[in-house]
Amino acid sequence: MITRLLVANRGEIARRVFRTCRTLGIATVAVYSDADADAPHVREADAAVRLPGTAPADTYLRADLLVAAARTAGADAVHPGYGFLSENAGFARAVTDAGLTWVGPPAAAIERMGSKVEAKRIMAEAGVPVLSELDSDAVTEADLPVLVKASAGGGGRGMRVVRSLDELAEQVDGARAEAESAFGDGTVFVEPYLATGRHIEVQVMCDAHGAVWAVGERECSIQRRHQKIVEESPSPLVERRPEMREELFDAARDAAKAIGYVGAGTVEFLADDSGRFYFLEMNTRLQVEHPVTECVTGLDLVGLQLGIAEGRPLPAGPPPSLGHAIEVRLYAENPAQDWRPHSGTLHRFEVPGVGAEFTIPLGTGIRLDSGVESGDVVSPHYDPMLAKVISVAPTRDVAARALASALTRARIHGVTTNRDLLVRILTHPAFLAGDTDTAFFDTHDLGTLATPLADDDAVRLSALAAALADAAANRAAARVQGRLPSGWRNVVAAPQRKRFTHGTAEHEVTYRLTRDGLTGQDGVDLVTATPDTVVLDVAGLRRRFDVAAYPGLSCVDSPLGSVALVPVGRFTDPAAQVAAGSLLAPMPGTVVRVAAAVGDEVRTGQPLLWLEAMKMQHQVNAPADGVLTELGVAAGDQVEVGRVLAVVSKEVP
Amino acid sequence: MTVLQSTVDTRSAEYGANREAMLAKLAEIDAEHAKAVAGGGEKYVDRHRSRGKLLVRERIELLLDPDSPFLELSPLAAWGSDYRVGASVVTGIGVVEGVECLICGSDPTVKGGASNPWTAKKSFRAADIAAQNGLPTINLVESGGADLPTQKEIFIPGGRIFRDLTRASAARTPTVALVFGNSTAGGAYLPGMSDYVVMVKERAKVFLGGPPLVKMATGEESDDESLGGAEMHARTSGLADYLAADEQDAIRIGRRIVARLNWRKQGPAPDEDYAEPRYDPEDLLGIVPTDLKTPFDPREVIARIVDGSDFDEFKPLYGTSLVTGWARVHGYPVGVLANARGVLFSEESQKAAQFIQLANQIDTPLLFLHNTTGYMVGKEYEQGGIIKHGAMMINAVSNSRVPHLSILMGASYGAGHYGMCGRAYDPRFLFAWPSAKSAVMGPQQLAGVLSIVARQAAAGRGQDYSEEHDAAMRAMVENQIEAESLPIFLSGMLYDDGIIDPRDTRTVLGLCLSTIHNGPISGAGGFGVFRM
């Protein structure tokens, strides 16, 4: 029996496992990198062990340190979560060799499925439909497009779509390099690319006594960069073609049996609208999207994992699925800027109407599995997923509506997120009709879907609300004359002015508060204003704006959409000015390569250096033709956001 | 808690007429204020802006804490004179980095910001306010110096400006000069006498004599920058403590200077938790009758300006033409003296003298609400000692050491103006409502007195007295006195600190009381309170 469990992971999945541990009476041990020292998963564990450093390779990917941590903390079992070492057979073996219980499938099963090339062969032998593998040297024009995948890959990394033959070799090399660095295995393979497939997967659960469950299917077709962002159960496609379900379940069970699988796993398929499907891969771990299965089946999948690891048989089942659950992954990223990840202080993170956290809400409701809490710092070192928000309801449309509403009303301050995109997906007619496939963003135009919910009018009103809330805050904080009327003048000259930037646009708000109310804003009257809440009467409609001000940031939430405004100071300190032509770090990260030197003549768009952040490389280009006059960084330097990296002077001396 | 009751009927015809009349007067005042705001007019404003400069009121807006109030002082100075309304300078009390400061900015759109005699008077008054209330001073300098044709009225008394600056410094009330442009000749002593000097690069010009004068005096060839440029003063002469890159930078530096003054107000802090009046200040528009012959109950005013309409009346049954009592305004305790039925008799005078002594005993500021036609005349009253009793009141007012605030609501005639702490009695602040009138006596009475005296003189000389001539003389005198007792005229003369909207009275008083509390609040001592 497990008495003390170490979770070799971070963020929401660590918290998810801890939640079940608390229910079952198992003591919890967290591990943390230096960047995570104050993270919620550390705060709520019974004990926590430091993994010195921040890079995953120094911390969460160090099997030796993790095993040592389990020993130090007196843990008798290890749960790997997902990602990191969850599908690393070596780690599984190290855990068992240390005499600890491994909460996961046997190392051999991980190994066999870990190689996608090998997995496809086994599946084909077991009669599971697979996509034929292509020889990368023999790919012809007729085979295009093709997909290059890392054999050891996962989470979209090491995966590239190739649409023309001349780029194939380069992409294979790129995928190989990425796979080598991410997984330590550079094996890649090529298969036909189904541009409009639907991603359908079956949750399997196998005990050590021969029981093999197929516990409902999930559809996760809406993906960005091959990473799922909306997941649901049951699958709309399977609901439309119910005959598919047993075929899928049979294939999934066959797959599990073919490798003698034990534990929780997921068999992934690519399906088309006609109902044909092909084996993609098997994930030998708990999936990110497991909550949707829990919410429709009532199961605690982590609880079952622990039971299986303890050698217990699965209970009678599997239970049937009831209702519909949809999960969205809330990322700190900007979909409109090529999904650029964002980091920083998450000043506030509040999702309204949450019925349960890390567990199943009673009846219709919202479940929140979050790795962060208000005030946490989102670090640039790891995956930028903040939380999963799951909606469960008797029907799909109601679940989507409730989820869209909860997201719209969520108060997320400090980092840019994909929230508005998620709301636009959940309210899109095609999504509501169940017409989801992996090309959803191409079909429905990502640009349109990534448009913020707040339109120009909403931004204008939000800026006004931010200004009025700031005025109220100024009055409340005044050391003298605090209760005299705001901005009172006996001789009227100029109105009060406040400026904000929203994206690249600047908004100037001018207003005067008089005994007759707000003046200078046509058609808008002020009902009440406090530092936190502003109620405006807009053409006869009362609208409430919730405002939160942080240093250098003012966040306005309303049913019109959330708006993040950056107050523009009244003054500029000449000493704080940066020279024209300066290139600033767009995010914190590490300089990985510098391609120019001081004195070089550079041309517009010429790459000068590369910055690595959030596991991605960002190219910094010359903004104009000119000469590189300053270069403040070298390869290997850590830079903070806003740091001057280089200066390009337009005049050629 | 003693809450005043109100009997104002806002639906009555009389109230409506009073209100209409007050709004009409307010519109006139607003129009005059707008003239002051317009500065030198569109042409000069445009020219100033085209040089990339901010207007004086824009400089002040940027200097003030966002959303804080600003009380402009003497905005109608020079009204009725040959000079622009406002006297080419803006003075006022504003909050900078949480510190109440006296702000004084020349308006360069009016004759290059040159000082005329009214500019000097307005600046003197501002300096007095800074000195009496212990306020730091911030000068926004851009002035061509004295308006030379009027030099005889400015040159000799004008030296006070520099004396006041250095005395303010000695009194530990810091002085800051932000120099945006010309500050030459005598004007050079504005930064010269200030504690902190900020000059705007390529804009500030500070020298005793410019290139032509230097050439004439010594034959030396020179230029503006070497004689008085900001860079030169910041790097060479050391007159400038800070070199600002531009106007907004100068204001930014000015705010940082004030932020580092470690300013502590010396007066007691106000109550934080207080109630607004129970009655709508809007009603104040309809309380003062259009004809000042009709008295009104000042308790209706008090009920609309003091915290919670809470007022404890002192000696309510004695000398009932004067209401005295205790209240708070924006958390500050005040003693109130308000004329009820215009006339001050012996009882009212003695009551006032006693009440003023009580306020001094407990260090409580006094608020005078004027609506008086003066001390009672007549045989009975003279024989009853009205002069002696009036003298007690004037004595008490004169020698009281607690701060005084005066509001001219209606009439303020004769020695009553003195007893109620008129301008000559140095109230810390004195504001008038548009309905106010102030003169030695009412226009009709004055014309009548002149008529009687003229008639007696004619009779004495055995001449006929022309009734036609008398009527014309009376009409002329009445018109003249009426015009000269109006607040706009008196405000132009600097006899008040401004005309305020009655609805703003509470705000103005709160701001003034807060300002006053920068200095210590301490009453006169020496004797016990004389019962009267």
# chains A, B, ... in the order shown; residues from 1 in each chain; ligands from 1

$ select_by_dssp --residues "range 213-383 of chain B" --states "alpha helix (DSSP H)" --output "PyMOL selection string"
chain B and resi 213-218+224-228+230-232+247-259+298-302+346-361+379-383

$ interface_residues --of "chain A" --to "chain B" --cutoff "8 Å" --atoms "only C-alpha atoms" --output "CSV table (one decimal) with all heavy atoms, in the first residue's frame"
chain,number,residue,atom,x,y,z
A,471,ALA,N,-9.0,57.8,-11.0
A,471,ALA,CA,-9.4,59.1,-10.3
A,471,ALA,C,-9.9,58.8,-8.9
A,471,ALA,O,-9.5,59.4,-7.9
A,471,ALA,CB,-10.4,59.9,-11.1
A,474,ASN,N,-7.0,57.8,-6.8
A,474,ASN,CA,-6.2,59.0,-6.4
A,474,ASN,C,-6.8,59.7,-5.3
A,474,ASN,O,-6.1,60.2,-4.4
A,474,ASN,CB,-6.1,59.9,-7.6
A,474,ASN,CG,-5.1,59.4,-8.6
A,474,ASN,OD1,-4.2,58.6,-8.3
A,474,ASN,ND2,-5.2,59.9,-9.9
A,475,ARG,N,-8.1,59.9,-5.3
A,475,ARG,CA,-8.8,60.6,-4.3
A,475,ARG,C,-8.7,59.9,-2.9
A,475,ARG,O,-8.4,60.4,-1.9
A,475,ARG,CB,-10.3,60.9,-4.6
A,475,ARG,CG,-10.5,61.7,-5.8
A,475,ARG,CD,-9.7,63.0,-5.9
A,475,ARG,NE,-10.0,63.9,-4.9
A,475,ARG,CZ,-9.1,64.6,-4.2
A,475,ARG,NH1,-7.8,64.5,-4.5
A,475,ARG,NH2,-9.4,65.5,-3.3
A,478,ALA,N,-5.3,60.2,-1.4
A,478,ALA,CA,-4.7,61.6,-1.2
A,478,ALA,C,-4.4,61.8,0.2
A,478,ALA,O,-5.2,61.5,1.1
A,478,ALA,CB,-5.7,62.6,-1.7
A,479,ARG,N,-3.2,62.4,0.4
A,479,ARG,CA,-2.8,62.7,1.8
A,479,ARG,C,-3.5,63.8,2.4
A,479,ARG,O,-3.7,64.0,3.6
A,479,ARG,CB,-1.3,62.9,1.8
A,479,ARG,CG,-0.4,61.7,2.0
A,479,ARG,CD,1.0,62.1,2.4
A,479,ARG,NE,1.7,62.7,1.3
A,479,ARG,CZ,2.8,63.4,1.5
A,479,ARG,NH1,3.3,63.6,2.7
A,479,ARG,NH2,3.4,64.0,0.4
A,480,VAL,N,-3.9,64.8,1.5
A,480,VAL,CA,-4.7,65.9,2.0
A,480,VAL,C,-5.9,66.1,1.0
A,480,VAL,O,-5.8,65.7,-0.1
A,480,VAL,CB,-3.9,67.2,2.0
A,480,VAL,CG1,-2.7,67.1,3.0
A,480,VAL,CG2,-3.3,67.5,0.6
A,481,GLN,N,-6.9,66.7,1.5
A,481,GLN,CA,-8.1,67.1,0.7
A,481,GLN,C,-8.7,65.9,0.0
A,481,GLN,O,-9.4,66.1,-1.0
A,481,GLN,CB,-7.7,68.2,-0.4
A,481,GLN,CG,-7.0,69.4,0.2
A,481,GLN,CD,-6.6,70.4,-0.9
A,481,GLN,OE1,-7.0,70.3,-2.1
A,481,GLN,NE2,-5.9,71.5,-0.5
A,483,ARG,N,-11.3,64.2,0.5
A,483,ARG,CA,-12.7,64.1,0.3
A,483,ARG,C,-13.3,65.3,-0.4
A,483,ARG,O,-14.5,65.4,-0.6
A,483,ARG,CB,-13.5,63.8,1.7
A,483,ARG,CG,-13.4,62.3,2.0
A,483,ARG,CD,-14.1,62.0,3.3
A,483,ARG,NE,-15.5,62.4,3.2
A,483,ARG,CZ,-16.4,62.2,4.2
A,483,ARG,NH1,-16.0,61.7,5.3
A,483,ARG,NH2,-17.7,62.6,4.0
A,484,LEU,N,-12.4,66.1,-0.9
A,484,LEU,CA,-13.0,67.2,-1.7
A,484,LEU,C,-13.3,66.6,-3.1
A,484,LEU,O,-12.8,65.6,-3.5
A,484,LEU,CB,-11.9,68.3,-1.9
A,484,LEU,CG,-11.6,69.1,-0.6
A,484,LEU,CD1,-10.7,70.3,-0.8
A,484,LEU,CD2,-12.8,69.5,0.2
A,485,PRO,N,-14.2,67.3,-3.8
A,485,PRO,CA,-14.6,66.7,-5.1
A,485,PRO,C,-13.4,66.5,-6.1
A,485,PRO,O,-12.5,67.3,-6.1
A,485,PRO,CB,-15.6,67.8,-5.7
A,485,PRO,CG,-16.0,68.5,-4.5
A,485,PRO,CD,-14.9,68.5,-3.5
A,486,SER,N,-13.5,65.4,-6.8
A,486,SER,CA,-12.4,65.0,-7.7
A,486,SER,C,-12.1,66.0,-8.7
A,486,SER,O,-13.0,66.4,-9.5
A,486,SER,CB,-12.8,63.7,-8.3
A,486,SER,OG,-11.7,63.1,-9.1
A,487,GLY,N,-10.9,66.5,-8.8
A,487,GLY,CA,-10.5,67.4,-9.9
A,487,GLY,C,-11.3,68.7,-9.8
A,487,GLY,O,-11.4,69.4,-10.9
A,488,TRP,N,-11.7,69.2,-8.6
A,488,TRP,CA,-12.5,70.4,-8.5
A,488,TRP,C,-11.7,71.6,-9.0
A,488,TRP,O,-10.5,71.8,-8.7
A,488,TRP,CB,-12.9,70.6,-7.0
A,488,TRP,CG,-13.7,71.8,-6.8
A,488,TRP,CD1,-15.1,71.9,-7.0
A,488,TRP,CD2,-13.3,73.1,-6.4
A,488,TRP,NE1,-15.5,73.2,-6.7
A,488,TRP,CE2,-14.4,73.9,-6.3
A,488,TRP,CE3,-12.0,73.6,-6.0
A,488,TRP,CZ2,-14.2,75.3,-5.9
A,488,TRP,CZ3,-11.9,74.9,-5.7
A,488,TRP,CH2,-13.0,75.7,-5.6
A,489,ARG,N,-12.4,72.5,-9.7
A,489,ARG,CA,-11.8,73.8,-10.1
A,489,ARG,C,-12.8,74.9,-9.9
A,489,ARG,O,-14.0,74.7,-10.2
A,489,ARG,CB,-11.4,73.8,-11.6
A,489,ARG,CG,-10.4,72.7,-12.0
A,489,ARG,CD,-9.0,73.1,-11.6
A,489,ARG,NE,-8.0,72.1,-12.1
A,489,ARG,CZ,-7.7,71.0,-11.4
A,489,ARG,NH1,-8.2,70.8,-10.2
A,489,ARG,NH2,-6.7,70.2,-11.8
A,490,ASN,N,-12.3,76.0,-9.4
A,490,ASN,CA,-13.2,77.2,-9.3
A,490,ASN,C,-13.2,78.0,-10.6
A,490,ASN,O,-14.2,78.6,-11.0
A,490,ASN,CB,-13.0,78.1,-8.1
A,490,ASN,CG,-11.5,78.6,-8.1
A,490,ASN,OD1,-10.6,77.9,-8.6
A,490,ASN,ND2,-11.3,79.8,-7.6
A,491,VAL,N,-12.1,77.8,-11.3
A,491,VAL,CA,-12.0,78.4,-12.7
A,491,VAL,C,-11.6,77.3,-13.6
A,491,VAL,O,-10.6,76.6,-13.4
A,491,VAL,CB,-10.8,79.5,-12.7
A,491,VAL,CG1,-10.7,80.0,-14.1
A,491,VAL,CG2,-11.1,80.6,-11.7
A,492,VAL,N,-12.5,77.1,-14.6
A,492,VAL,CA,-12.4,75.9,-15.4
A,492,VAL,C,-11.4,76.2,-16.5
A,492,VAL,O,-11.6,77.1,-17.3
A,492,VAL,CB,-13.8,75.5,-16.0
A,492,VAL,CG1,-13.6,74.3,-16.9
A,492,VAL,CG2,-14.7,75.1,-14.8
A,493,ALA,N,-10.4,75.4,-16.6
A,493,ALA,CA,-9.4,75.5,-17.7
A,493,ALA,C,-9.4,74.3,-18.6
A,493,ALA,O,-10.1,74.1,-19.6
A,493,ALA,CB,-8.1,76.0,-17.2
A,494,ALA,N,-8.6,73.3,-18.1
A,494,ALA,CA,-8.4,72.1,-18.9
A,494,ALA,C,-9.0,70.9,-18.2
A,494,ALA,O,-9.1,70.9,-17.0
A,494,ALA,CB,-6.9,71.9,-19.2
A,496,GLN,N,-9.2,66.8,-17.0
A,496,GLN,CA,-8.2,65.8,-16.5
A,496,GLN,C,-7.9,65.0,-17.8
A,496,GLN,O,-8.8,64.7,-18.6
A,496,GLN,CB,-8.8,65.0,-15.4
A,496,GLN,CG,-9.1,65.7,-14.1
A,496,GLN,CD,-7.9,66.1,-13.4
A,496,GLN,OE1,-6.9,65.4,-13.4
A,496,GLN,NE2,-7.9,67.3,-12.8
A,570,ARG,N,2.6,60.6,-17.0
A,570,ARG,CA,2.4,62.0,-17.5
A,570,ARG,C,3.8,62.6,-17.9
A,570,ARG,O,3.9,63.5,-18.6
A,570,ARG,CB,1.9,62.8,-16.3
A,570,ARG,CG,0.5,62.4,-15.9
A,570,ARG,CD,-0.2,63.6,-15.1
A,570,ARG,NE,0.5,63.9,-13.9
A,570,ARG,CZ,0.3,65.0,-13.2
A,570,ARG,NH1,-0.6,65.9,-13.6
A,570,ARG,NH2,0.9,65.2,-12.1
A,571,PHE,N,4.8,62.0,-17.3
A,571,PHE,CA,6.2,62.5,-17.6
A,571,PHE,C,7.1,61.5,-18.2
A,571,PHE,O,6.9,60.3,-17.9
A,571,PHE,CB,6.8,63.0,-16.3
A,571,PHE,CG,5.9,64.0,-15.6
A,571,PHE,CD1,5.1,63.6,-14.5
A,571,PHE,CD2,5.9,65.3,-16.0
A,571,PHE,CE1,4.3,64.6,-13.8
A,571,PHE,CE2,5.0,66.3,-15.4
A,571,PHE,CZ,4.3,65.9,-14.3
A,572,THR,N,8.0,61.9,-18.9
A,572,THR,CA,9.1,61.0,-19.3
A,572,THR,C,10.4,61.5,-18.8
A,572,THR,O,10.7,62.7,-18.9
A,572,THR,CB,9.2,60.9,-20.9
A,572,THR,OG1,9.2,62.3,-21.4
A,572,THR,CG2,8.1,60.1,-21.5
A,573,ASP,N,11.1,60.6,-18.1
A,573,ASP,CA,12.4,61.0,-17.6
A,573,ASP,C,13.4,60.8,-18.7
A,573,ASP,O,13.6,59.7,-19.2
A,573,ASP,CB,12.7,60.0,-16.4
A,573,ASP,CG,14.0,60.3,-15.8
A,573,ASP,OD1,14.8,61.2,-16.3
A,573,ASP,OD2,14.3,59.8,-14.7
A,574,PRO,N,14.1,61.9,-19.1
A,574,PRO,CA,15.0,61.7,-20.2
A,574,PRO,C,16.1,60.6,-20.0
A,574,PRO,O,16.5,60.0,-20.9
A,574,PRO,CB,15.7,63.1,-20.3
A,574,PRO,CG,14.9,64.0,-19.5
A,574,PRO,CD,14.1,63.2,-18.5

$ closest_residue --among "A:Val527, A:Leu513, A:Met159, A:Ile13" --to "Glu357 in chain A" --atoms "only C-alpha atoms"
A:Ile13

$ closest_residue --among "A:Val67, A:Leu432, A:Val148, A:Ala646" --to "Asp600 in chain A" --atoms "only C-alpha atoms"
A:Ala646

$ closest_residue --among "B:Ser50, B:Ile488, B:Arg304, B:His389" --to "Ala31 in chain B" --atoms "only C-alpha atoms"
B:Ile488

$ residues_around --residues "Thr175 in chain B" --least-positions-apart "4" --cutoff "12 Å" --atoms "only C-alpha atoms" --output "PyMOL selection string"
chain B and resi 101-104+127+130-131+134-140+162+164-171+190-198+254+257-258+261

$ select_by_dssp --residues "range 15-182 of chain B" --states "strand (DSSP E)" --output "MDAnalysis selection string"
chainID B and resid 70:73 89:96 99:106 137:143 175:182

$ write_last_selection --atoms "N, CA and C atoms" --output "compact mmCIF listing (two decimals), in the first residue's frame"
# COMPACT_ATOMS: atom_id res chain seq x y z
N PHE B 70 -7.93 72.34 -7.35
CA PHE B 70 -7.07 73.53 -7.47
C PHE B 70 -7.94 74.75 -7.23
N LEU B 71 -7.55 75.55 -6.25
CA LEU B 71 -8.29 76.77 -5.94
C LEU B 71 -7.52 77.94 -6.52
N GLU B 72 -8.06 78.49 -7.59
CA GLU B 72 -7.39 79.64 -8.19
C GLU B 72 -7.76 80.88 -7.37
N LEU B 73 -6.76 81.71 -7.09
CA LEU B 73 -6.96 82.90 -6.26
C LEU B 73 -7.01 84.14 -7.13
N VAL B 89 -1.17 86.75 -14.57
CA VAL B 89 -0.52 85.78 -13.68
C VAL B 89 -1.62 84.88 -13.11
N VAL B 90 -1.30 83.62 -12.90
CA VAL B 90 -2.24 82.70 -12.28
C VAL B 90 -1.68 82.32 -10.92
N THR B 91 -2.49 82.51 -9.87
CA THR B 91 -2.05 82.10 -8.53
C THR B 91 -3.10 81.16 -7.96
N GLY B 92 -2.68 80.27 -7.13
CA GLY B 92 -3.66 79.36 -6.54
C GLY B 92 -3.01 78.38 -5.59
N ILE B 93 -3.89 77.58 -4.98
CA ILE B 93 -3.41 76.57 -4.04
C ILE B 93 -3.71 75.21 -4.64
N GLY B 94 -2.67 74.42 -4.80
CA GLY B 94 -2.84 73.10 -5.38
C GLY B 94 -1.98 72.09 -4.65
N VAL B 95 -2.30 70.83 -4.88
CA VAL B 95 -1.61 69.75 -4.19
C VAL B 95 -0.57 69.14 -5.13
N VAL B 96 0.67 69.17 -4.72
CA VAL B 96 1.78 68.61 -5.50
C VAL B 96 2.45 67.55 -4.63
N VAL B 99 1.45 67.64 -1.14
CA VAL B 99 1.76 68.84 -0.37
C VAL B 99 0.98 70.03 -0.94
N GLU B 100 0.28 70.74 -0.05
CA GLU B 100 -0.43 71.93 -0.51
C GLU B 100 0.58 73.03 -0.76
N CYS B 101 0.61 73.53 -1.98
CA CYS B 101 1.60 74.53 -2.37
C CYS B 101 0.89 75.77 -2.89
N LEU B 102 1.55 76.88 -2.70
CA LEU B 102 1.11 78.11 -3.35
C LEU B 102 1.79 78.13 -4.71
N ILE B 103 0.97 78.14 -5.75
CA ILE B 103 1.51 78.09 -7.11
C ILE B 103 1.28 79.44 -7.77
N CYS B 104 2.32 79.93 -8.43
CA CYS B 104 2.25 81.25 -9.03
C CYS B 104 2.88 81.14 -10.41
N GLY B 105 2.09 81.37 -11.46
CA GLY B 105 2.64 81.21 -12.80
C GLY B 105 2.31 82.40 -13.67
N SER B 106 3.34 82.98 -14.28
CA SER B 106 3.05 84.11 -15.15
C SER B 106 2.47 83.59 -16.47
N THR B 137 6.20 77.46 -1.90
CA THR B 137 5.81 78.22 -3.09
C THR B 137 6.49 77.64 -4.31
N ILE B 138 5.71 77.51 -5.39
CA ILE B 138 6.30 77.09 -6.67
C ILE B 138 6.02 78.20 -7.68
N ASN B 139 7.06 78.80 -8.21
CA ASN B 139 6.91 79.83 -9.23
C ASN B 139 7.18 79.23 -10.60
N LEU B 140 6.22 79.42 -11.52
CA LEU B 140 6.41 78.99 -12.90
C LEU B 140 6.75 80.26 -13.67
N VAL B 141 8.03 80.40 -13.99
CA VAL B 141 8.53 81.69 -14.44
C VAL B 141 8.66 81.76 -15.96
N GLU B 142 8.02 82.74 -16.54
CA GLU B 142 8.27 83.11 -17.93
C GLU B 142 7.67 84.50 -18.09
N SER B 143 8.47 85.50 -17.82
CA SER B 143 7.94 86.85 -17.80
C SER B 143 8.96 87.82 -18.37
N THR B 175 10.94 77.39 -1.39
CA THR B 175 10.50 78.04 -2.61
C THR B 175 11.18 77.39 -3.80
N VAL B 176 10.39 77.14 -4.83
CA VAL B 176 10.89 76.44 -6.02
C VAL B 176 10.60 77.32 -7.22
N ALA B 177 11.57 77.52 -8.08
CA ALA B 177 11.34 78.26 -9.32
C ALA B 177 11.58 77.33 -10.50
N LEU B 178 10.56 77.20 -11.35
CA LEU B 178 10.71 76.46 -12.59
C LEU B 178 10.74 77.50 -13.70
N VAL B 179 11.88 77.64 -14.34
CA VAL B 179 12.05 78.72 -15.30
C VAL B 179 11.86 78.17 -16.72
N PHE B 180 10.76 78.65 -17.35
CA PHE B 180 10.40 78.14 -18.68
C PHE B 180 10.87 79.07 -19.79
N GLY B 181 11.18 80.31 -19.44
CA GLY B 181 11.53 81.25 -20.50
C GLY B 181 12.27 82.44 -19.91
N ASN B 182 11.90 83.61 -20.39
CA ASN B 182 12.56 84.83 -19.93
C ASN B 182 12.40 85.04 -18.44

$ residues_around --residues "Trp326 in chain B" --least-positions-apart "2" --cutoff "8 Å" --atoms "only C-alpha atoms" --output "short mmCIF file (atom, residue, chain, number, x, y, z; two decimals) with all heavy atoms, in the first residue's frame"
data_model
loop_
_atom_site.label_atom_id
_atom_site.label_comp_id
_atom_site.auth_asym_id
_atom_site.auth_seq_id
_atom_site.Cartn_x
_atom_site.Cartn_y
_atom_site.Cartn_z
N PHE B 311 -24.74 71.40 14.15
CA PHE B 311 -24.37 72.75 14.58
C PHE B 311 -24.86 72.97 16.00
O PHE B 311 -26.05 72.86 16.28
CB PHE B 311 -25.01 73.77 13.63
CG PHE B 311 -24.66 75.21 13.93
CD1 PHE B 311 -23.36 75.68 13.82
CD2 PHE B 311 -25.67 76.11 14.31
CE1 PHE B 311 -23.06 77.02 14.08
CE2 PHE B 311 -25.37 77.45 14.56
CZ PHE B 311 -24.06 77.89 14.45
N ASP B 312 -23.93 73.27 16.90
CA ASP B 312 -24.30 73.56 18.29
C ASP B 312 -24.25 75.07 18.50
O ASP B 312 -23.17 75.66 18.58
CB ASP B 312 -23.36 72.84 19.26
CG ASP B 312 -23.71 71.38 19.37
OD1 ASP B 312 -24.84 71.07 19.81
OD2 ASP B 312 -22.87 70.54 19.00
N GLU B 313 -25.42 75.66 18.64
CA GLU B 313 -25.49 77.11 18.70
C GLU B 313 -25.13 77.60 20.10
O GLU B 313 -25.52 77.01 21.11
CB GLU B 313 -26.89 77.60 18.29
CG GLU B 313 -26.88 79.06 17.93
CD GLU B 313 -28.14 79.51 17.21
OE1 GLU B 313 -28.81 78.68 16.56
OE2 GLU B 313 -28.45 80.71 17.30
N PHE B 314 -24.37 78.70 20.16
CA PHE B 314 -23.94 79.30 21.43
C PHE B 314 -24.78 80.56 21.66
O PHE B 314 -24.95 81.37 20.75
CB PHE B 314 -22.45 79.66 21.34
CG PHE B 314 -21.94 80.47 22.50
CD1 PHE B 314 -21.74 79.87 23.75
CD2 PHE B 314 -21.66 81.82 22.35
CE1 PHE B 314 -21.26 80.62 24.81
CE2 PHE B 314 -21.18 82.57 23.41
CZ PHE B 314 -20.98 81.97 24.65
N THR B 324 -24.15 82.40 16.53
CA THR B 324 -22.80 81.89 16.81
C THR B 324 -22.93 80.42 17.20
O THR B 324 -23.95 80.01 17.75
CB THR B 324 -22.14 82.64 17.99
OG1 THR B 324 -23.03 82.58 19.11
CG2 THR B 324 -21.86 84.09 17.63
N ARG B 328 -18.22 71.52 12.30
CA ARG B 328 -17.01 71.06 11.61
C ARG B 328 -17.21 71.19 10.11
O ARG B 328 -18.33 71.03 9.62
CB ARG B 328 -16.73 69.58 11.93
CG ARG B 328 -16.15 69.37 13.29
CD ARG B 328 -15.95 67.89 13.60
NE ARG B 328 -15.47 67.77 14.97
CZ ARG B 328 -14.18 67.72 15.30
NH1 ARG B 328 -13.25 67.74 14.37
NH2 ARG B 328 -13.82 67.63 16.56
N PRO B 333 -12.73 71.51 13.02
CA PRO B 333 -13.65 72.26 13.87
C PRO B 333 -13.62 73.75 13.49
O PRO B 333 -12.56 74.29 13.19
CB PRO B 333 -13.11 72.04 15.28
CG PRO B 333 -11.69 71.63 15.10
CD PRO B 333 -11.59 70.97 13.76
N VAL B 334 -14.78 74.37 13.51
CA VAL B 334 -14.85 75.82 13.28
C VAL B 334 -15.89 76.42 14.23
O VAL B 334 -16.84 75.75 14.63
CB VAL B 334 -15.28 76.20 11.83
CG1 VAL B 334 -14.16 75.93 10.84
CG2 VAL B 334 -16.56 75.50 11.42
N GLY B 335 -15.65 77.70 14.57
CA GLY B 335 -16.68 78.50 15.22
C GLY B 335 -17.29 79.38 14.15
O GLY B 335 -16.57 79.96 13.33
N VAL B 336 -18.61 79.44 14.13
CA VAL B 336 -19.29 80.19 13.07
C VAL B 336 -19.93 81.44 13.65
O VAL B 336 -20.59 81.39 14.71
CB VAL B 336 -20.39 79.32 12.41
CG1 VAL B 336 -21.07 80.07 11.26
CG2 VAL B 336 -19.80 78.00 11.91
#

$ residues_around --residues "Arg312 in chain A" --least-positions-apart "5" --cutoff "10 Å" --atoms "only C-alpha atoms" --output "PyMOL selection string"
chain A and resi 1+207-209+304-307
